[in-house]
Every structure is written in structure tokens, then in C-alpha cells.
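J.: Handing you a structure now.
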Amino acid sequence: MHKLTNKLKGNKLAQIILLVLYVLVTSLSLYLAQASVTAFLLLLFSLLLLYYTELPDRLKWVIAGVVLIGVIPFVSSTGPGYQSYMEVATVVGIYVAMALGLNIVVGLAGLLDLGFVAFFAIGAYTYGIFATGQAANFMPFGDFPLSGESFWIFILIGCFVAALFGVLLGIPVLRVKGDYLAIVTLGFGEIIRIVFNNLDKPVNITNGAMGLASVKPPEIFGYQFVYPNQFYFIVLAILLFVILAVRRFEYSKIGRSWKAVRENEIAAQSMGIHLVRTKLLAFAIGASFSGMMGVVFAAKQTFVDPTSFTLLESITILVMVILGGMGSVPGVILGAAVITILNLQVLTEVTNYLNQLSLNGVISFPEALAPAKMQRFIFGAILIVFAIYRPQGLIPAKNPVFDEESLKEGSKKHRKDQITVEPDKGFQA
Amino acid sequence: MSILTVSNLTKQFGGLVAVNSVDITVEKGSITAVIGPNGAGKTTFFNLITGVYQPDKGNVQLGSTSLIGKKPHDIARQGIARTFQNIRLFSNITVLENVMVGLHKQLRAGLVGTLFQTKTVREEEKRAQEEAYHWLEYVGLAKHLNEDAQNLSYGAQRRLEIARALATKPKLLLLDEPAAGMNPRETRELTEFIHRMREDLDVTIILIEHDMKLVMEISEQIFVLDHGEKIAEGKPAEIRNNVKVIEAYLGKSAVTPA
């Protein structure tokens with residue numbers, strides 16, 4: 001195995017050929033053996049292989065695009081499992097975007113947030129209220145529900161409203177640090193959920209625990225988005241934007257100030273970094289990604305109620321970030337994908353399989369260990385194993401590598417107008 | 001011309017008066033040392049100037065602007081930079097990025113510009129990298145640019161803190177025990193380096209230091225704090241023979257032979 005990887009290292013052509021072969025084989029097996037979860041997962045796995053190839057970044061993006069836009073929807077489209085695969089892929093996309101948002105708050109700015117799902121809820125309700133008749137209860141003007149065409153604007157509105165609430169949460173919370181911050185954000189998450197649960201009186205805004213039913217599906221030029229395979233592309237487009245944004249922020253002045261605040265608040269301030277503004281920006285940007293996906297979620301489910309936004313959801317998103325690797329964009333993407341697929345596919349499959357066995361009388365489980373209950377147990381065990389053996393995450397965060405030669409050239413410019421530097425003389429310990 | 005004027009500065013922590021009506025004037029372009037036994041209030045004094053603590057009484061003026069009530073980041077923007085007694089680097093990011101954080105207040109990149117990676121933002125970022133590299137060259141850390149700050153040796157970490165502080169283009173540089181933990185050779189080099197900084201960069205330097213050789217060699221003016229009070233000030237030669245100072249360091253019996 002080691003020999004093989006060594007041989008592959010540096011040989012880009014072989015890497016491409018192998019990757020294409022891998023995609024072909026998995027696609028073909030998915031195409032022929034429909035409803036095979038394994039083939040579907042293996043096909044998704046090709047994206048991880050792609051990440052580890054040594055191809056130029058641009059080419060990687062193109063290949064990923066081809067796989068995500070072309071190969072995956074196409075090869076799974078012929079069989080009966082099509083919509084369920086697309087559903088899984090869509091949900092993965094939603095969670096990836098949320099985990100990337102939380103990664104800014106927790107991974108980059110170092111602010112532990114245990115109520116992150118609140119922003120997702122805010123996004124979902126923002127669209128849900130106006131895309132059902134609900135808004136007519138309290139809006140003095142306008143004709144509700146708004147048409148499905150408003151969905152596209154609501155992605156932006158959801159983004160801004162969530163960002164606004166991110167700032168609103170941030171202002172009181174910034175006085176507290178560490179453990180206390182975690183508790184306050186946890187409270188915030190619960191408050192938002194409970195408010196949505198009870199805001200059906202005196203004025204019925206959220207329809208309380210009944211939830212908002214028949215949310216209008218997105219629509220453009222008379223074309224309606226109803227099925228998971230259609231939402232898949234919406235999510236993909238937003239996700240692309242989110243990944244691009246996160247990467248650009250991370251390696252910028254803003255990203256550096258987040259990391260500086262995470263590493264040492266006092267030193268960061270003494271470098272002229274505005275502590276409050278920096279933290280609020282992290283909250284706002286993180287929340288905005290969640291808000292956008294909340295809008296999509298509401299439209300996809302066509303039903304919004306408070307039970308979708310429990311503390312467990314917040315914890316799950318946090319687990320994605322920690323398992324993937326705090327502060328690492330590829331890590332968090334992988335973490336979110338792994339956890340979502342584990343929850344939606346693998347663990348349910350395992351449970352079904354065990355149920356089948358016990359029904360057939362092959363093995364019998366005592367009541368307390370019924371397979372349905374084991375699902376969370378297995379999930380927990382996996383987390384513990386990872387926490388012990390890979391505490392830095394699946395793909396740990398990496399710092400950028402700067403090109404010394406070009407900087408050496410460039411820094412000469414600064415010498416002229418300032419001072420003469422003799423790098424090897426003087427202050428050398 | 002004085003660059004820093006501190007008058008009647010007082011800070012209490014509960015019943016303890018950490019800094020007690022201290023008056024200090026620092027000349028522009030000078031090198032000043034603040035010395036005193038452990039617990040004399042030296043670092044608290046620095047923290048009061050840089051806004052980490054707010055004083056209970058008194059005034060701190062940089063040039064003609066009062067720093068009272070200003071937040072640490074505002075004071076940094078006014079042109080005061082510092083290093084810390086217990087090194088406070090950004091441990092998990094690279095050496096170059098540490099210095100780039102020091103350039104923070106000079107960079108104009110905003111949210112939208114960063115998102116769309118406009119030409120101005122990209123050029124500014126490139127310039128910032130080059131300038132940060134330049135500061136690394138200045139303190140002799142250029143070859144470590146891509147290492148994590150936490151992996152540097154102790155002396156190198158101290159130098160990186162200075163590079164980071166210099167990147168903010170300070171008018172006034174506060175060094176909190178820059179020679180702590182250094183061997184004699186390193187201390188000698190540091191002495192030269194502090195002189196060089198003043199010549200090259202037109203910066204006023206105040207340092208807290210326990211190494212008396214360094215202090216006497218380098219500073220034009222020395223302030224001595226003890227129990228939060230200024231007990232002496234003057235040129236090195238005057239301080240060396242000051243009875244109160246000897247008493248503070250060595251006890252009463254050292255000055256009044258039994």
C-alpha cells in the first residue's frame with residue numbers, strides 16, 4: 001500500500017487516470033445496480049480522492065463540478081432510488097453550508113456557539129411565514145402567500161435577517177467568554193425555538209407548535225421546484241458561493257483578525273483590532289450562511305415547525321465542525337458529509353439490517369438494546385473513537401504557505417523608502 | 001519635546017494600590033527604562049497606558065491627545081505598540097501572519113472587496129505580505145516565515161513580538177522585559193538592536209527590565225517604581241547611587257550599616 005502511494009506521488013497523469021477509473025466504476029455500478037447505497041457512497045467518496053490528488057486547484061474544481069453537476073445526478077437518475085439519493089445529497093449540502101458557517105464562529109474566531117441552529121430556524125421561518133397564508137394574520141398590506149418566485153429574493157432576505165440576529169445575539173454575549181459564552185448561546189438557541197413555538201398569540205405569527213404547512217415551492221418562469229433532484233442544484237449553487245466566500249474570508253485581513261482574536265484577545269487588541277466588531281462580524285457571517293440554507297430547507301420541506309430546530313441539531317452541527325477539523329474548510333465539508341450520511345443512510349441501513357435479522361429470528365435483541373435505540377449508541381461510539389484517536393479532526397486545519405522568493409523580491413521595495421536591512425547582521429540569537 | 005505625559009496616575013485592585021499617583025514624562029526619541037522590584041506595578045503601568053486597564057485617577061497623554069477612556073485598539077491606532085512580559089503571540093498561525101496582523105490597521109480591505117477579491121484588495125494583500133516579510137528580515141526571522149509561531153525558540157518568539165509591534169508603525173514602543181530568559185550574548189545583541197530600532201525607525205522606546213546591565217547601558221532616563229510609587233527618576237548614574245533605590249532592591253540594612 002505504501003509503495004503504491006509513493007509511486008503515485010508526483011505522477012499526476014496516473015492520479016487522473018485512477019480517479020477517472022474510480023468514478024467510472026462507481027458510476028457504472030450505481031447505474032446498473034440501482035438502489036445500491038454502497039455504490040452511491042463510493043461515488044461521493046471520489047470527491048475526497050480528488051481532494052488528495054496533486055492536481056492544480058482549478059482542475060480540481062472543474063472535476064468536482066463535473067462529478068457533482070453531471071455524473072451524480074445522471075447515473076442515479078434511472079432507478080427508483082433517484083429521489084432518495086438526491087434527498088441525501090441535498091441534505092448533505094445544507095449541513096455542509098451550516099457547518100461552514102459555524103466553522104467561522106467556532107473554528108476561526110474561537111467563539112463556542114451551542115445555539116447555532118437558531119439562525120437556520122430564523123431563515124426557515126422568514127420564508128415560511130411569507131410563503132404561506134400566515135403573514136396575512138399580521139401584515140396590514142400585501143397579498144399572502146407570496147408566490148414561489150419570491151423564493152430567490154428570500155434567500156438574500158434570509159441571509160440578512162439571520163446576520164442581523166447574529167449581531168443581536170453577539171452584542172450581549174460578547175461580555176462573556178469561554179464556557180459562559182457556550183451557555184449563553186445555548187440559551188439563545190432554545191429561546192428562539194421556544195419563541196417560535198409560542199408566537200401564535202396574541203398575534204399569530206408562527207402558528208406555534210402546529211407549524212407552517214404548505215410553504216410555496218420555489219418557482220422561476222413558471223417552472224416549479226418540488227423534487228429533491230431540483231433542490232439539489234439550488235443547494236449546490238448556494239454551497240459553491242459559501243465555500244468561495246469562506247475561503248476568501250479565511251485568507252484575508254478579516255480572517256486573520258478572527259484568528260488573532262481566537263489566539264489571544266489582548267494581543268489582538270494591542271495590534272489595533274476592534275474586538276467587538278471582529279466578533280460580531282464572525283457571528284453575522286456564520287449566521288448568514290445558515291439563514292440562506294434555512295430558506296431552502298423551508299421550501300424543500302414545504303413545512304416548518306419548531307421541532308426541526310432542537311438543541312440536538314446545534315450539537316450535531318458542532319460535531320461536524322469538530323470531527324472534520326476546526327478551522328479547516330475541507331475538513332468541515334467532509335465532517336458534515338460524513339455525519340449526515342452516517343445519520344441518514346448508514347445507521348438507518350444498519351438498523352434495518354439488524355431489525356431484519358431479529359425478525360427472521362437469527363439473533364434476538366433484549367428490549368433495551370433494540371436496533372432503533374442502538375443507532376444513537378453507535379453514533380456516540382464513533383465520536384468517542386474519533387475524539388481519542390484523531391482529536392485534530394479528519395482533515396486538520398492548515399496554515400497558508402507563502403512563497404519566500406517572491407516575498408524577498410517584494411520586500412526590497414519597502415527597504416528603499418524606509419531603512420536598510422542587513423538580514424544576517426545585528427539581532428541574531 | 002515630550003511624547004508621553006503621565007500625571008497622577010492611580011490604579012487600585014481592591015485594597016491594593018498597584019500604581020499610586022505616578023508622574024512621568026518621556027521625551028520624544030528617547031529610550032526610557034522603568035525598573036523596580038517584583039510587584040512594583042511596572043506591568044500594570046504599561047497596561048494602564050495601553051488601555052488594558054482603565055486608571056482610577058490621573059491622565060495619560062500621547063502628544064496632545066488624552067488616552068483616558070480609550071479602548072486598547074484605539075490606543076494602538078494612536079501609535080502605541082507593545083510586547084508582553086509573558087509572550088502573547090498568535091501561536092497557531094504562521095510567523096508571517098503574526099506580523100501581518102500587526103499591519104491590520106493599515107489595511108483597507110472591506111467585506112465586499114474581500115468577497116469579490118477586487119484588484120485593490122489583492123494588491124494590498126500582496127503588499128502586506130511583502131511588508132511583513134520585510135519586518136521579519138529586520139529582526140532576523142525571515143527564514144522562519146512559514147513556521148507556526150509556537151514552534152519558534154523562546155528568543156525568536158520575543159523577536160517576533162517586536163516585529164509584530166514594529167509592523168504597526170508605532171510612535172511609542174513599550175517593551176515588557178524584552179531580555180527575560182535570554183543568555184548574556186542574546187542580551188547584548190538585544191541591546192544593540194534596541195539602539196538600532198531607535199536610529200532606523202524614529203521611535204520612542206520605554207522598556208521594563210530586570211537586567212541592570214542592559215538598563216544602565218541603554219537608557220537615557222530611568223524611572224524606579226516600588227509598591228506602585230515612583231521613588232526615583234534620573235540618568236543611570238544618578239539611579240545607581242540613589243539611596244532609596246538601593247533600599248528598595250536590597251532592603252534597609254544595605255544602606256544603613258548596622
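Ligands are numbered from 1 in the order shown, chains are lettered A, B, ... in the order of the C-alpha cells, and residues start at 1 in each chain.
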As a list in words, please: all residues of range 53-170 of chain B that backbone DSSP puts in strand (DSSP E or B).
T.: Lys57, Gly58, Asn59, Val60, Gln61, Leu62, Thr65, Ser66, Ile80, Ala81, Arg82, Thr94 and Asp148 of chain B
J.: Using only C-alpha atoms, I'd like every residue of chain B that has an atom within 6 Å of chain A; please write them out as a VMD selection string.
T.: chain B and resid 72 to 73 76 to 77 90 102 105 115 130 to 131 134 137 to 138 140 146 186 189 193
J.: What would the file look like if the residues just selected were written as a PDB file, in the first residue's frame with C-alpha atoms?
T.:
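File produced: selection-v5.pdb:
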```
ATOM      1  CA  PRO B  72      -6.783  49.198  23.618  1.00  0.00           C
ATOM      2  CA  HIS B  73      -7.351  49.030  19.847  1.00  0.00           C
ATOM      3  CA  ALA B  76      -2.863  51.071  19.207  1.00  0.00           C
ATOM      4  CA  ARG B  77      -4.240  53.182  16.390  1.00  0.00           C
ATOM      5  CA  PHE B  90      -0.817  34.101  17.897  1.00  0.00           C
ATOM      6  CA  GLY B 102       0.363  43.925  13.095  1.00  0.00           C
ATOM      7  CA  LYS B 105      -4.831  48.919  10.997  1.00  0.00           C
ATOM      8  CA  LEU B 115     -15.678  38.688  -1.101  1.00  0.00           C
ATOM      9  CA  GLU B 130       5.914  41.787   1.463  1.00  0.00           C
ATOM     10  CA  GLU B 131       5.961  44.344   4.211  1.00  0.00           C
ATOM     11  CA  HIS B 134      10.437  42.920   5.437  1.00  0.00           C
ATOM     12  CA  GLU B 137      14.106  40.346   7.787  1.00  0.00           C
ATOM     13  CA  TYR B 138      14.619  43.281  10.103  1.00  0.00           C
ATOM     14  CA  GLY B 140      16.296  38.211  11.521  1.00  0.00           C
ATOM     15  CA  ASN B 146       6.072  29.664   7.253  1.00  0.00           C
ATOM     16  CA  GLU B 186      21.443  37.408  23.318  1.00  0.00           C
ATOM     17  CA  GLU B 189      22.523  41.661  20.800  1.00  0.00           C
ATOM     18  CA  PHE B 193      19.061  46.015  18.367  1.00  0.00           C
TER      19      PHE B 193
END
```
J.: Please identify which residues in range 213-383 of chain A DSSP calls alpha helix (DSSP H) from the backbone, and express them as a ChimeraX atom specification.
T.: /A:228-250,253-263,265-270,275-301,311-324,329-341,347-359,371-383
J.: As a PyMOL selection string, please: the residues near range 290-306 of chain A (cut-off 8 Å, only C-alpha atoms, same-chain neighbours under 3 positions excluded).
T.: chain A and resi 94+97-98+101+117+119-128+151+154-156+158-163+193-194+196-197+208-218+226-228+231+235+286-287+309-310
J.: Neighbours of range 235-239 of chain B within 6 Å (only C-alpha atoms; same-chain residues fewer than 5 positions away dropped), as a PyMOL selection string?
T.: chain B and resi 216+220-221
J.: Write a file of the just-selected residues containing N, CA and C atoms, as a PDB file, in the first residue's frame.
T.:
```pdb
ATOM      1  N   MET B 216      21.239  50.022  32.379  1.00  0.00           N
ATOM      2  CA  MET B 216      22.192  51.104  32.573  1.00  0.00           C
ATOM      3  C   MET B 216      22.867  51.494  31.262  1.00  0.00           C
ATOM      4  N   GLU B 220      18.425  56.453  28.629  1.00  0.00           N
ATOM      5  CA  GLU B 220      18.808  57.834  28.891  1.00  0.00           C
ATOM      6  C   GLU B 220      18.146  58.323  30.157  1.00  0.00           C
ATOM      7  N   GLN B 221      17.024  57.663  30.466  1.00  0.00           N
ATOM      8  CA  GLN B 221      16.269  58.081  31.626  1.00  0.00           C
ATOM      9  C   GLN B 221      15.700  56.840  32.298  1.00  0.00           C
TER      10      GLN B 221
END
```
J.: Skipping near chain neighbours, those fewer than 6 positions away, what residues fall within 10 Å of Met212 in chain B using only C-alpha atoms, listed as JSON, numbers by chain?
T.: {"B": [35, 218, 236, 240]}
J.: Output the selection as a PDB file, in the first residue's frame - N, CA and C atoms for each residue.
T.:
```
ATOM      1  N   ILE B  35      12.069  50.515  36.065  1.00  0.00           N
ATOM      2  CA  ILE B  35      12.567  49.375  36.840  1.00  0.00           C
ATOM      3  C   ILE B  35      11.906  49.360  38.210  1.00  0.00           C
ATOM      4  N   ILE B 218      21.603  51.192  28.211  1.00  0.00           N
ATOM      5  CA  ILE B 218      20.769  51.586  27.093  1.00  0.00           C
ATOM      6  C   ILE B 218      19.969  52.849  27.349  1.00  0.00           C
ATOM      7  N   PRO B 236      21.079  57.082  34.406  1.00  0.00           N
ATOM      8  CA  PRO B 236      21.574  55.838  35.006  1.00  0.00           C
ATOM      9  C   PRO B 236      22.523  56.080  36.172  1.00  0.00           C
ATOM     10  N   ARG B 240      21.900  54.706  39.999  1.00  0.00           N
ATOM     11  CA  ARG B 240      22.806  53.710  40.567  1.00  0.00           C
ATOM     12  C   ARG B 240      23.153  54.057  42.016  1.00  0.00           C
TER      13      ARG B 240
END
```
J.: So that I can see what lies close to Val243 in chain B, please list as a VMD selection string the residues with an atom at most 12 Å from it, counting only C-alpha atoms and leaving out residues fewer than 2 positions away in the same chain.
T.: chain B and resid 224 231 to 232 238 to 241 245 to 256
